[in-house]
file run_6.tsv (TSV, C-alpha atoms (C1' of nucleotides))
chain	number	residue	atom	x	y	z
Z	603	MET	CA	41.25	29.57	-49.37
Z	604	PRO	CA	39.69	27.76	-46.55
Z	605	GLU	CA	35.96	27.42	-46.27
Z	606	LEU	CA	34.24	25.33	-43.63
Z	607	PRO	CA	35.32	21.94	-45.02
Z	608	GLU	CA	38.98	22.93	-45.11
Z	609	VAL	CA	38.78	24.34	-41.60
Z	610	GLU	CA	37.05	21.20	-40.32
Z	611	VAL	CA	39.61	18.97	-42.06
Z	612	THR	CA	42.32	21.03	-40.41
Z	613	ARG	CA	40.63	20.74	-37.02
Z	614	ARG	CA	40.42	16.98	-37.28
Z	615	SER	CA	44.02	16.72	-38.37
Z	616	ILE	CA	45.36	18.57	-35.33
Z	617	GLU	CA	43.09	17.51	-32.48
Z	618	ARG	CA	44.59	14.04	-32.08
Z	619	PRO	CA	48.26	15.03	-32.23
Z	620	LEU	CA	47.69	17.92	-29.83
Z	621	ALA	CA	45.64	16.01	-27.25
Z	622	GLY	CA	47.50	16.04	-23.96
Z	623	ALA	CA	50.23	18.39	-25.14
Z	624	VAL	CA	51.69	21.16	-23.01
Z	625	VAL	CA	52.88	24.43	-24.54
Z	626	ARG	CA	56.64	24.92	-24.36
Z	627	ALA	CA	56.81	28.22	-26.21
Z	628	ALA	CA	54.98	30.36	-28.72
Z	629	VAL	CA	56.66	32.39	-31.44
Z	630	MET	CA	54.96	35.18	-33.33
Z	631	GLY	CA	56.41	36.32	-36.65
Z	632	LYS	CA	55.02	39.01	-38.93
Z	633	PRO	CA	51.75	40.55	-37.80
Z	634	LEU	CA	48.54	38.90	-38.94
Z	635	ARG	CA	45.08	40.41	-39.28
Z	636	TRP	CA	44.90	41.22	-35.58
Z	637	PRO	CA	47.48	41.27	-32.79
Z	638	LEU	CA	47.88	38.14	-30.67
Z	639	GLY	CA	46.53	40.04	-27.69
Z	640	CYS	CA	48.91	38.58	-25.15
Z	641	ASP	CA	52.59	38.06	-24.48
Z	642	PRO	CA	53.52	34.84	-26.33
Z	643	ALA	CA	55.52	33.83	-23.25
Z	644	SER	CA	52.28	33.74	-21.24
Z	645	LEU	CA	51.19	30.68	-23.22
Z	646	THR	CA	54.08	28.56	-21.92
Z	647	GLY	CA	53.11	25.78	-19.51
Z	648	ARG	CA	49.45	25.67	-20.51
Z	649	ALA	CA	47.87	22.32	-21.34
Z	650	VAL	CA	46.23	22.04	-24.75
Z	651	GLY	CA	42.61	20.95	-24.50
Z	652	SER	CA	40.14	20.28	-27.26
Z	653	VAL	CA	40.12	21.94	-30.67
Z	654	MET	CA	36.72	23.27	-31.64
Z	655	ARG	CA	35.34	24.95	-34.73
Z	656	ARG	CA	32.75	27.68	-35.10
Z	657	GLY	CA	32.11	28.75	-38.68
Z	658	LYS	CA	35.55	29.12	-40.21
Z	659	TYR	CA	37.20	29.86	-36.87
Z	660	LEU	CA	39.11	27.33	-34.80
Z	661	TRP	CA	39.23	27.53	-31.02
Z	662	LEU	CA	42.19	25.89	-29.32
Z	663	VAL	CA	41.48	25.46	-25.62
Z	664	LEU	CA	44.41	26.24	-23.31
Z	665	GLY	CA	44.39	25.51	-19.59
Z	666	PRO	CA	45.64	27.81	-16.84
Z	667	ARG	CA	49.35	28.41	-16.32
Z	668	PRO	CA	50.94	26.11	-13.75
Z	669	GLY	CA	49.96	27.13	-10.23
Z	670	MET	CA	47.28	29.50	-11.43
Z	671	PRO	CA	43.55	29.20	-10.76
Z	672	GLN	CA	41.11	27.85	-13.33
Z	673	ASP	CA	40.05	31.30	-14.41
Z	674	ASP	CA	43.54	31.83	-15.85
Z	675	ALA	CA	42.52	29.46	-18.67
Z	676	GLY	CA	41.63	30.64	-22.16
Z	677	GLY	CA	42.42	29.74	-25.71
Z	678	LEU	CA	43.54	30.78	-29.13
Z	679	LEU	CA	41.03	31.77	-31.77
Z	680	LEU	CA	42.50	30.95	-35.17
Z	681	HIS	CA	41.37	31.97	-38.61
Z	682	LEU	CA	42.99	30.84	-41.85
Z	683	GLY	CA	41.85	33.82	-43.91
Z	684	MET	CA	42.32	33.35	-47.66
Z	685	SER	CA	45.64	31.59	-47.77
Z	686	GLY	CA	46.30	30.14	-44.34
Z	687	SER	CA	47.03	26.57	-43.37
Z	688	LEU	CA	48.19	24.81	-40.24
Z	689	GLY	CA	50.96	22.25	-40.19
Z	690	PHE	CA	51.76	19.87	-37.39
Z	691	HIS	CA	55.33	18.68	-36.92
Z	692	PRO	CA	55.65	15.85	-34.39
Z	693	ALA	CA	58.34	16.20	-31.72
Z	694	SER	CA	60.21	13.31	-33.38
Z	695	THR	CA	60.68	15.34	-36.59
Z	696	PRO	CA	60.99	19.01	-35.65
Z	697	PRO	CA	59.98	21.61	-38.23
Z	698	PRO	CA	62.48	23.41	-40.44
Z	699	PRO	CA	63.22	27.02	-39.50
Z	700	PRO	CA	60.20	29.23	-40.22
Z	701	GLY	CA	59.98	30.40	-43.83
Z	702	PRO	CA	58.97	33.91	-44.90
Z	703	HIS	CA	55.27	32.98	-44.69
Z	704	ASP	CA	55.34	31.05	-41.43
Z	705	HIS	CA	53.96	33.51	-38.90
Z	706	PHE	CA	53.12	31.60	-35.76
Z	707	ASP	CA	54.59	28.56	-34.03
Z	708	LEU	CA	53.07	26.86	-31.00
Z	709	LEU	CA	55.78	24.57	-29.67
Z	710	THR	CA	54.40	21.80	-27.48
Z	711	THR	CA	55.66	18.67	-25.77
Z	712	GLN	CA	54.18	16.65	-28.66
Z	713	GLY	CA	55.16	18.76	-31.59
Z	714	THR	CA	54.88	22.13	-33.24
Z	715	LEU	CA	51.71	23.65	-34.65
Z	716	ARG	CA	52.69	26.13	-37.36
Z	717	LEU	CA	50.55	28.69	-39.17
Z	718	HIS	CA	51.57	29.31	-42.78
Z	719	ASP	CA	49.78	32.23	-44.42
Z	720	PRO	CA	51.26	34.11	-47.39
Z	721	ARG	CA	48.58	36.79	-47.53
Z	722	ARG	CA	48.29	37.20	-43.77
Z	723	PHE	CA	44.50	37.62	-43.76
Z	724	GLY	CA	44.47	34.95	-41.08
Z	725	ALA	CA	44.64	35.48	-37.34
Z	726	VAL	CA	45.72	34.00	-34.04
Z	727	VAL	CA	44.10	35.76	-31.11
Z	728	TRP	CA	44.24	35.04	-27.40
Z	729	SER	CA	40.93	35.16	-25.59
Z	730	ALA	CA	40.10	34.26	-22.00
Z	731	GLY	CA	37.06	32.36	-23.24
Z	732	LEU	CA	34.74	31.88	-26.18
Z	733	ASP	CA	32.19	33.98	-24.35
Z	734	GLN	CA	34.67	36.78	-23.70
Z	735	ALA	CA	36.10	39.49	-25.92
Z	736	PRO	CA	37.70	39.41	-28.37
Z	737	ALA	CA	36.46	35.91	-29.28
Z	738	SER	CA	32.84	36.62	-28.40
Z	739	THR	CA	32.84	39.81	-30.46
Z	740	LEU	CA	34.11	37.98	-33.53
Z	741	LEU	CA	31.81	35.00	-33.17
Z	742	GLN	CA	28.62	36.78	-32.22
Z	743	ARG	CA	27.83	37.89	-35.75
Z	744	LEU	CA	28.00	34.36	-37.14
Z	745	GLY	CA	24.82	32.67	-38.31
Z	746	PRO	CA	23.84	29.10	-37.45
Z	747	GLU	CA	26.10	26.12	-38.08
Z	748	PRO	CA	25.04	24.17	-41.17
Z	749	PHE	CA	24.76	20.87	-39.30
Z	750	ASP	CA	22.94	22.24	-36.29
Z	751	PRO	CA	19.70	20.22	-36.17
Z	752	SER	CA	17.89	23.27	-34.82
Z	753	LEU	CA	18.51	24.96	-38.17
Z	754	THR	CA	15.31	23.75	-39.79
Z	755	PRO	CA	14.23	24.56	-43.34
Z	756	GLU	CA	11.60	26.84	-41.77
Z	757	ARG	CA	14.17	28.83	-39.82
Z	758	PHE	CA	16.48	29.00	-42.82
Z	759	HIS	CA	13.67	30.23	-45.02
Z	760	ALA	CA	12.69	32.80	-42.40
Z	761	ARG	CA	16.23	34.17	-42.37
Z	762	LEU	CA	16.31	34.40	-46.16
Z	763	GLN	CA	13.07	36.36	-46.03
Z	764	GLN	CA	14.88	39.12	-44.16
Z	765	ARG	CA	17.42	39.70	-46.92
Z	766	ARG	CA	16.69	41.59	-50.10
Z	767	THR	CA	20.02	40.98	-51.78
Z	768	ALA	CA	21.20	38.19	-54.11
Z	769	ILE	CA	21.12	34.73	-52.56
Z	770	LYS	CA	24.78	34.11	-53.45
Z	771	ASN	CA	25.84	37.13	-51.39
Z	772	VAL	CA	23.60	36.08	-48.53
Z	773	LEU	CA	25.29	32.67	-48.44
Z	774	LEU	CA	28.72	34.32	-48.42
Z	775	SER	CA	27.73	36.69	-45.64
Z	776	GLY	CA	27.06	33.70	-43.40
Z	777	ASP	CA	24.07	35.10	-41.63
Z	778	ALA	CA	21.54	32.49	-42.76
Z	779	VAL	CA	24.06	29.67	-42.43
Z	780	VAL	CA	27.85	29.78	-41.95
Z	781	GLY	CA	30.50	27.81	-43.76
Z	782	ALA	CA	29.92	28.23	-47.47
Z	783	GLY	CA	32.53	30.43	-49.12
Z	784	ASN	CA	32.84	31.16	-52.79
Z	785	ILE	CA	33.34	27.60	-54.02
Z	786	TYR	CA	30.67	25.90	-51.96
Z	787	ALA	CA	28.12	28.69	-52.34
Z	788	CYS	CA	28.37	28.32	-56.12
Z	789	GLU	CA	28.19	24.54	-55.91
Z	790	ALA	CA	25.22	24.46	-53.54
Z	791	LEU	CA	23.28	26.89	-55.72
Z	792	PHE	CA	23.98	24.74	-58.75
Z	793	GLN	CA	22.94	21.59	-56.92
Z	794	SER	CA	19.65	23.17	-55.85
Z	795	GLY	CA	18.98	24.68	-59.28
Z	796	ILE	CA	18.82	28.27	-58.04
Z	797	ASP	CA	20.17	31.24	-59.98
Z	798	PRO	CA	22.72	33.00	-57.73
Z	799	ARG	CA	21.21	36.39	-58.62
Z	800	VAL	CA	17.78	35.63	-57.18
Z	801	ARG	CA	16.89	37.87	-54.27
Z	802	ALA	CA	16.99	35.86	-51.07
Z	803	ASP	CA	13.53	37.03	-49.99
Z	804	ARG	CA	12.04	35.75	-53.25
Z	805	ILE	CA	13.00	32.15	-52.58
Z	806	SER	CA	10.05	29.92	-51.79
Z	807	ARG	CA	9.98	27.60	-48.83
Z	808	PRO	CA	10.49	24.43	-50.87
Z	809	ARG	CA	13.44	25.98	-52.69
Z	810	ALA	CA	14.94	27.19	-49.41
Z	811	ALA	CA	14.64	23.64	-48.08
Z	812	ARG	CA	16.42	22.32	-51.16
Z	813	LEU	CA	19.12	24.95	-50.85
Z	814	LEU	CA	19.77	24.15	-47.20
Z	815	GLN	CA	20.03	20.49	-48.09
Z	816	ALA	CA	22.42	21.33	-50.93
Z	817	VAL	CA	24.62	23.41	-48.61
Z	818	ARG	CA	24.74	20.51	-46.17
Z	819	ASP	CA	25.44	17.92	-48.88
Z	820	THR	CA	28.15	20.04	-50.46
Z	821	LEU	CA	29.95	20.85	-47.22
Z	822	ALA	CA	29.71	17.25	-46.00
Z	823	ARG	CA	30.95	15.83	-49.29
Z	824	ALA	CA	33.85	18.29	-49.43
Z	825	THR	CA	34.81	17.53	-45.83
Z	826	ALA	CA	34.77	13.80	-46.56
Z	827	LEU	CA	37.09	14.41	-49.50
Z	828	GLY	CA	39.55	16.42	-47.41
Z	829	GLY	CA	38.43	19.81	-48.75
Z	830	SER	CA	39.45	21.51	-52.00
Z	831	THR	CA	43.07	22.01	-52.95
Z	832	LEU	CA	42.96	24.69	-55.64
Z	833	ARG	CA	46.42	25.98	-55.12
Z	834	ASP	CA	47.99	25.00	-51.88
Z	835	PHE	CA	45.51	23.87	-49.24
Z	836	ARG	CA	46.78	20.94	-47.17
Z	837	ASP	CA	45.72	19.49	-43.86
Z	838	ALA	CA	48.14	19.58	-40.95
Z	839	HIS	CA	49.91	16.48	-42.26
Z	840	GLY	CA	50.32	17.77	-45.79
Z	841	MET	CA	47.40	15.87	-47.34
Z	842	ASN	CA	45.63	17.37	-50.37
Z	843	GLY	CA	41.89	17.78	-50.65
Z	844	GLU	CA	40.08	16.14	-53.56
Z	845	PHE	CA	36.79	18.00	-53.83
Z	846	GLN	CA	37.92	20.37	-56.58
Z	847	ALA	CA	37.73	17.47	-59.06
Z	848	GLU	CA	34.01	17.19	-58.29
Z	849	ALA	CA	33.17	20.86	-58.67
Z	850	ALA	CA	30.30	21.17	-61.13
Z	851	VAL	CA	30.57	24.91	-61.78
Z	852	TYR	CA	33.34	26.56	-59.75
Z	853	GLY	CA	36.27	27.48	-61.96
Z	854	ARG	CA	34.63	25.88	-65.02
Z	855	GLU	CA	33.79	28.93	-67.14
Z	856	ALA	CA	32.93	27.98	-70.75
Z	857	GLN	CA	33.11	24.27	-70.00
Z	858	PRO	CA	30.00	22.12	-70.52
Z	859	CYS	CA	27.58	21.70	-67.65
Z	860	THR	CA	27.86	18.18	-66.27
Z	861	ARG	CA	24.07	17.93	-66.21
Z	862	CYS	CA	22.87	19.56	-69.42
Z	863	GLY	CA	25.95	20.41	-71.46
Z	864	ALA	CA	25.33	24.16	-71.62
Z	865	ALA	CA	28.38	26.39	-71.24
Z	866	ILE	CA	29.10	27.37	-67.62
Z	867	ARG	CA	29.05	31.13	-67.13
Z	868	ARG	CA	31.19	33.36	-64.92
Z	869	ILE	CA	29.64	36.53	-63.57
Z	870	VAL	CA	30.70	38.95	-60.83
Z	871	GLN	CA	28.64	39.56	-57.70
Z	872	GLY	CA	29.84	41.74	-54.88
Z	873	GLN	CA	33.24	41.92	-56.59
Z	874	ARG	CA	33.63	38.16	-56.50
Z	875	ALA	CA	33.37	35.56	-59.21
Z	876	THR	CA	30.19	33.48	-59.39
Z	877	TYR	CA	29.91	30.43	-61.63
Z	878	LEU	CA	26.58	29.09	-62.80
Z	879	CYS	CA	24.83	27.01	-65.40
Z	880	PRO	CA	22.45	29.39	-67.20
Z	881	ALA	CA	20.16	26.50	-68.14
Z	882	CYS	CA	19.98	24.47	-64.92
Z	883	GLN	CA	19.76	27.37	-62.47
Z	884	LYS	CA	16.47	29.26	-62.49
Z	885	ARG	CA	15.34	32.61	-61.22
K	251	DC	C1'	19.16	49.18	-40.26
K	252	DG	C1'	20.63	46.90	-44.78
K	253	DG	C1'	23.50	46.90	-48.73
K	254	DG	C1'	27.64	47.49	-51.16
K	255	DA	C1'	32.47	48.84	-51.79
K	256	DC	C1'	37.06	48.89	-49.75
K	257	DG	C1'	41.19	47.27	-47.92
K	258	DC	C1'	44.20	44.15	-45.69
K	259	DC	C1'	48.65	41.23	-48.31
K	260	DT	C1'	51.27	38.26	-51.49
K	261	DG	C1'	51.60	35.02	-55.29
K	262	DT	C1'	50.42	33.45	-59.82
K	263	DG	C1'	49.20	33.34	-64.52
K	264	DA	C1'	47.78	35.73	-68.68
K	265	DG	C1'	48.67	39.11	-71.98
K	266	DC	C1'	51.54	42.43	-74.10
B	178	DT	C1'	62.42	37.61	-71.12
B	179	DG	C1'	60.29	41.07	-68.32
B	180	DC	C1'	56.66	44.02	-67.06
B	181	DT	C1'	51.81	45.13	-65.77
B	182	DC	C1'	47.42	43.80	-64.59
B	183	DA	C1'	43.66	41.01	-63.05
B	184	DC	C1'	42.51	37.85	-59.91
B	185	DA	C1'	42.56	34.55	-55.85
B	186	DG	C1'	39.29	30.12	-51.20
B	187	DG	C1'	37.58	35.82	-46.14
B	188	DC	C1'	35.71	39.23	-43.57
B	189	DG	C1'	35.65	43.52	-40.58
B	190	DT	C1'	34.92	48.32	-41.37
B	191	DC	C1'	33.22	52.29	-43.37
B	192	DC	C1'	30.06	55.02	-45.95
B	193	DC	C1'	25.56	55.80	-48.07
call {"tool": "encode", "arguments": {"input": "run_6.tsv", "output": "structure tokens"}}
result
Amino acid sequence: MPELPEVEVTRRSIERPLAGAVVRAAVMGKPLRWPLGCDPASLTGRAVGSVMRRGKYLWLVLGPRPGMPQDDAGGLLLHLGMSGSLGFHPASTPPPPPGPHDHFDLLTTQGTLRLHDPRRFGAVVWSAGLDQAPASTLLQRLGPEPFDPSLTPERFHARLQQRRTAIKNVLLSGDAVVGAGNIYACEALFQSGIDPRVRADRISRPRAARLLQAVRDTLARATALGGSTLRDFRDAHGMNGEFQAEAAVYGREAQPCTRCGAAIRRIVQGQRATYLCPACQKR
DNA sequence: CGGGACGCCTGTGAGC
DNA sequence: TGCTCACAGGCGTCCC
């Protein structure tokens, strides 16, 4: 489900309500992708700091336990996987009892942060720091952030030159730029007029520049619209995303291209659906 | 090493 | 109606 825009929308929706909160308890339900990595009780008493995002991961800063030195601090690395979402329930209106797909509750003085994830591909993992395992191990393989100014068209092009596989798969792998999942990779390739099957190392510099711009435009636009709600994505306050109504190719097989009217095609790459306009997107 | 397939898990919708 | 199957927004791991 969640690609970078949905994760960023989620981050923004929880940072305000959690600012200044202190953890009262943490409750782990069914196992997620990885174990929590600590005793949930050891989270109690910690102050919640900022909420950061790296790629599609969220990092929830937690201070030291009361009476403990600063190096007792750490945080929770969260991932929403394919079907995860976070809900925030203010202290004034406590959450209902956890349902069968509610797998983690962080109860704080200001409300409860709850992870809902039917498929359980998501994760909540304790780490003593972003630069320490396990967080550092998980984050180290990520490529540059799409809105990092130091990711220039030249650098992006140089990274594409190192990959001999289809550009769509390179975007999904996140090693030239993170954040585009299946929807936004398809949309950015459409916007830049590039056939998803083109080998990454065959993309010229000007086209790479256009693709990077398209990735940025697509992710920014989707974030501004609250993400895409295809089935059940909501922000932490239950708000739908609206981007899906603007998708030019994703999920539109056999429908007319919004630009040229040709029928949108669905193909499979790396066992995942790719949507493209056979007329607008060139090899 | 790069590239590609697999598997984690559950829900939904299409087709029979 | 009820069953089976394909498919779904991610990504770490394993094998070639």
call {"tool": "closest_atom_pairs", "arguments": {"input": "run_6.tsv", "of": "chain K", "to": "chain Z", "cutoff": "8 Å", "atoms": "all atoms listed in the file", "output": "CSV"}}
result
residue,atom,partner,partner_atom,distance
K:DG253,C1',Z:Thr767,CA,7.5
K:DG254,C1',Z:Gly872,CA,7.2
K:DC258,C1',Z:Phe723,CA,6.8
K:DC259,C1',Z:Arg721,CA,4.5
K:DT260,C1',Z:Arg721,CA,5.0
K:DG261,C1',Z:Pro720,CA,8.0
call {"tool": "closest_atom_pairs", "arguments": {"input": "run_6.tsv", "of": "chain Z", "to": "chain B", "cutoff": "8 Å", "atoms": "all atoms listed in the file", "output": "tab-separated table"}}
result
residue	atom	partner	partner_atom	distance
Z:Met603	CA	B:DG186	C1'	2.7
Z:Pro604	CA	B:DG186	C1'	5.2
Z:Glu605	CA	B:DG186	C1'	6.5
Z:Gly683	CA	B:DG187	C1'	5.2
Z:Met684	CA	B:DG187	C1'	5.6
Z:Ser685	CA	B:DG186	C1'	7.4
Z:Phe723	CA	B:DG187	C1'	7.5
Z:Gly783	CA	B:DG186	C1'	7.1
Z:Asn784	CA	B:DG186	C1'	6.7
Z:Ile785	CA	B:DG186	C1'	7.1
Z:Leu832	CA	B:DG186	C1'	7.9
call {"tool": "atom_distance", "arguments": {"input": "run_6.tsv", "atom1": "CA of Val800 (chain Z)", "atom2": "CA of Lys770 (chain Z)"}}
result
8.1 Å
call {"tool": "residues_around", "arguments": {"input": "run_6.tsv", "residues": "Gln857 (chain Z)", "least_positions_apart": "3", "cutoff": "7 Å", "atoms": "all atoms listed in the file", "output": "list in words"}}
result
Arg854, Ala865 and Ile866 of chain Z
call {"tool": "residues_around", "arguments": {"input": "run_6.tsv", "residues": "region 687-696 of chain Z", "least_positions_apart": "4", "cutoff": "12 Å", "atoms": "only C-alpha atoms (C1' of nucleotides)", "output": "tab-separated table (two decimals) with C-alpha atoms (C1' of nucleotides), keeping the file's coordinate frame"}}
result
chain	number	residue	atom	x	y	z
Z	603	MET	CA	41.25	29.57	-49.37
Z	604	PRO	CA	39.69	27.76	-46.55
Z	605	GLU	CA	35.96	27.42	-46.27
Z	608	GLU	CA	38.98	22.93	-45.11
Z	609	VAL	CA	38.78	24.34	-41.60
Z	610	GLU	CA	37.05	21.20	-40.32
Z	611	VAL	CA	39.61	18.97	-42.06
Z	612	THR	CA	42.32	21.03	-40.41
Z	613	ARG	CA	40.63	20.74	-37.02
Z	614	ARG	CA	40.42	16.98	-37.28
Z	615	SER	CA	44.02	16.72	-38.37
Z	616	ILE	CA	45.36	18.57	-35.33
Z	617	GLU	CA	43.09	17.51	-32.48
Z	618	ARG	CA	44.59	14.04	-32.08
Z	619	PRO	CA	48.26	15.03	-32.23
Z	620	LEU	CA	47.69	17.92	-29.83
Z	623	ALA	CA	50.23	18.39	-25.14
Z	626	ARG	CA	56.64	24.92	-24.36
Z	660	LEU	CA	39.11	27.33	-34.80
Z	680	LEU	CA	42.50	30.95	-35.17
Z	681	HIS	CA	41.37	31.97	-38.61
Z	682	LEU	CA	42.99	30.84	-41.85
Z	683	GLY	CA	41.85	33.82	-43.91
Z	700	PRO	CA	60.20	29.23	-40.22
Z	703	HIS	CA	55.27	32.98	-44.69
Z	704	ASP	CA	55.34	31.05	-41.43
Z	705	HIS	CA	53.96	33.51	-38.90
Z	706	PHE	CA	53.12	31.60	-35.76
Z	707	ASP	CA	54.59	28.56	-34.03
Z	708	LEU	CA	53.07	26.86	-31.00
Z	709	LEU	CA	55.78	24.57	-29.67
Z	710	THR	CA	54.40	21.80	-27.48
Z	711	THR	CA	55.66	18.67	-25.77
Z	712	GLN	CA	54.18	16.65	-28.66
Z	713	GLY	CA	55.16	18.76	-31.59
Z	714	THR	CA	54.88	22.13	-33.24
Z	715	LEU	CA	51.71	23.65	-34.65
Z	716	ARG	CA	52.69	26.13	-37.36
Z	717	LEU	CA	50.55	28.69	-39.17
Z	718	HIS	CA	51.57	29.31	-42.78
Z	719	ASP	CA	49.78	32.23	-44.42
Z	720	PRO	CA	51.26	34.11	-47.39
Z	721	ARG	CA	48.58	36.79	-47.53
Z	722	ARG	CA	48.29	37.20	-43.77
Z	723	PHE	CA	44.50	37.62	-43.76
Z	724	GLY	CA	44.47	34.95	-41.08
Z	725	ALA	CA	44.64	35.48	-37.34
Z	726	VAL	CA	45.72	34.00	-34.04
Z	831	THR	CA	43.07	22.01	-52.95
Z	833	ARG	CA	46.42	25.98	-55.12
Z	834	ASP	CA	47.99	25.00	-51.88
Z	835	PHE	CA	45.51	23.87	-49.24
Z	836	ARG	CA	46.78	20.94	-47.17
Z	837	ASP	CA	45.72	19.49	-43.86
Z	838	ALA	CA	48.14	19.58	-40.95
Z	839	HIS	CA	49.91	16.48	-42.26
Z	840	GLY	CA	50.32	17.77	-45.79
Z	841	MET	CA	47.40	15.87	-47.34
Z	842	ASN	CA	45.63	17.37	-50.37
B	186	DG	C1'	39.29	30.12	-51.20
call {"tool": "residues_near_point", "arguments": {"input": "run_6.tsv", "point": "(45.3, 28.5, -20.0)", "cutoff": "10 Å", "atoms": "only C-alpha atoms (C1' of nucleotides)", "output": "JSON, numbers by chain"}}
result
{"Z": [625, 644, 645, 646, 647, 648, 649, 650, 651, 663, 664, 665, 666, 667, 668, 670, 671, 672, 673, 674, 675, 676, 677, 678, 728, 729, 730, 731]}
call {"tool": "write_last_selection", "arguments": {"input": "run_6.tsv", "atoms": "C-alpha atoms", "output": "mmCIF file, keeping the file's coordinate frame"}}
result
data_model
loop_
_atom_site.group_PDB
_atom_site.id
_atom_site.type_symbol
_atom_site.label_atom_id
_atom_site.label_comp_id
_atom_site.auth_asym_id
_atom_site.auth_seq_id
_atom_site.Cartn_x
_atom_site.Cartn_y
_atom_site.Cartn_z
ATOM 1 C CA VAL Z 625 52.880 24.430 -24.540
ATOM 2 C CA SER Z 644 52.280 33.740 -21.240
ATOM 3 C CA LEU Z 645 51.190 30.680 -23.220
ATOM 4 C CA THR Z 646 54.080 28.560 -21.920
ATOM 5 C CA GLY Z 647 53.110 25.780 -19.510
ATOM 6 C CA ARG Z 648 49.450 25.670 -20.510
ATOM 7 C CA ALA Z 649 47.870 22.320 -21.340
ATOM 8 C CA VAL Z 650 46.230 22.040 -24.750
ATOM 9 C CA GLY Z 651 42.610 20.950 -24.500
ATOM 10 C CA VAL Z 663 41.480 25.460 -25.620
ATOM 11 C CA LEU Z 664 44.410 26.240 -23.310
ATOM 12 C CA GLY Z 665 44.390 25.510 -19.590
ATOM 13 C CA PRO Z 666 45.640 27.810 -16.840
ATOM 14 C CA ARG Z 667 49.350 28.410 -16.320
ATOM 15 C CA PRO Z 668 50.940 26.110 -13.750
ATOM 16 C CA MET Z 670 47.280 29.500 -11.430
ATOM 17 C CA PRO Z 671 43.550 29.200 -10.760
ATOM 18 C CA GLN Z 672 41.110 27.850 -13.330
ATOM 19 C CA ASP Z 673 40.050 31.300 -14.410
ATOM 20 C CA ASP Z 674 43.540 31.830 -15.850
ATOM 21 C CA ALA Z 675 42.520 29.460 -18.670
ATOM 22 C CA GLY Z 676 41.630 30.640 -22.160
ATOM 23 C CA GLY Z 677 42.420 29.740 -25.710
ATOM 24 C CA LEU Z 678 43.540 30.780 -29.130
ATOM 25 C CA TRP Z 728 44.240 35.040 -27.400
ATOM 26 C CA SER Z 729 40.930 35.160 -25.590
ATOM 27 C CA ALA Z 730 40.100 34.260 -22.000
ATOM 28 C CA GLY Z 731 37.060 32.360 -23.240
#
call {"tool": "atom_distance", "arguments": {"input": "run_6.tsv", "atom1": "CA of Pro746 (chain Z)", "atom2": "CA of Val780 (chain Z)"}}
result
6.1 Å
call {"tool": "atom_distance", "arguments": {"input": "run_6.tsv", "atom1": "CA of Leu821 (chain Z)", "atom2": "CA of Phe749 (chain Z)"}}
result
9.5 Å
call {"tool": "closest_residue", "arguments": {"input": "run_6.tsv", "among": "Z:Gly829, Z:Val772, Z:Arg874, Z:Leu813", "to": "DG252 (chain K)", "atoms": "all atoms listed in the file"}}
result
Z:Val772
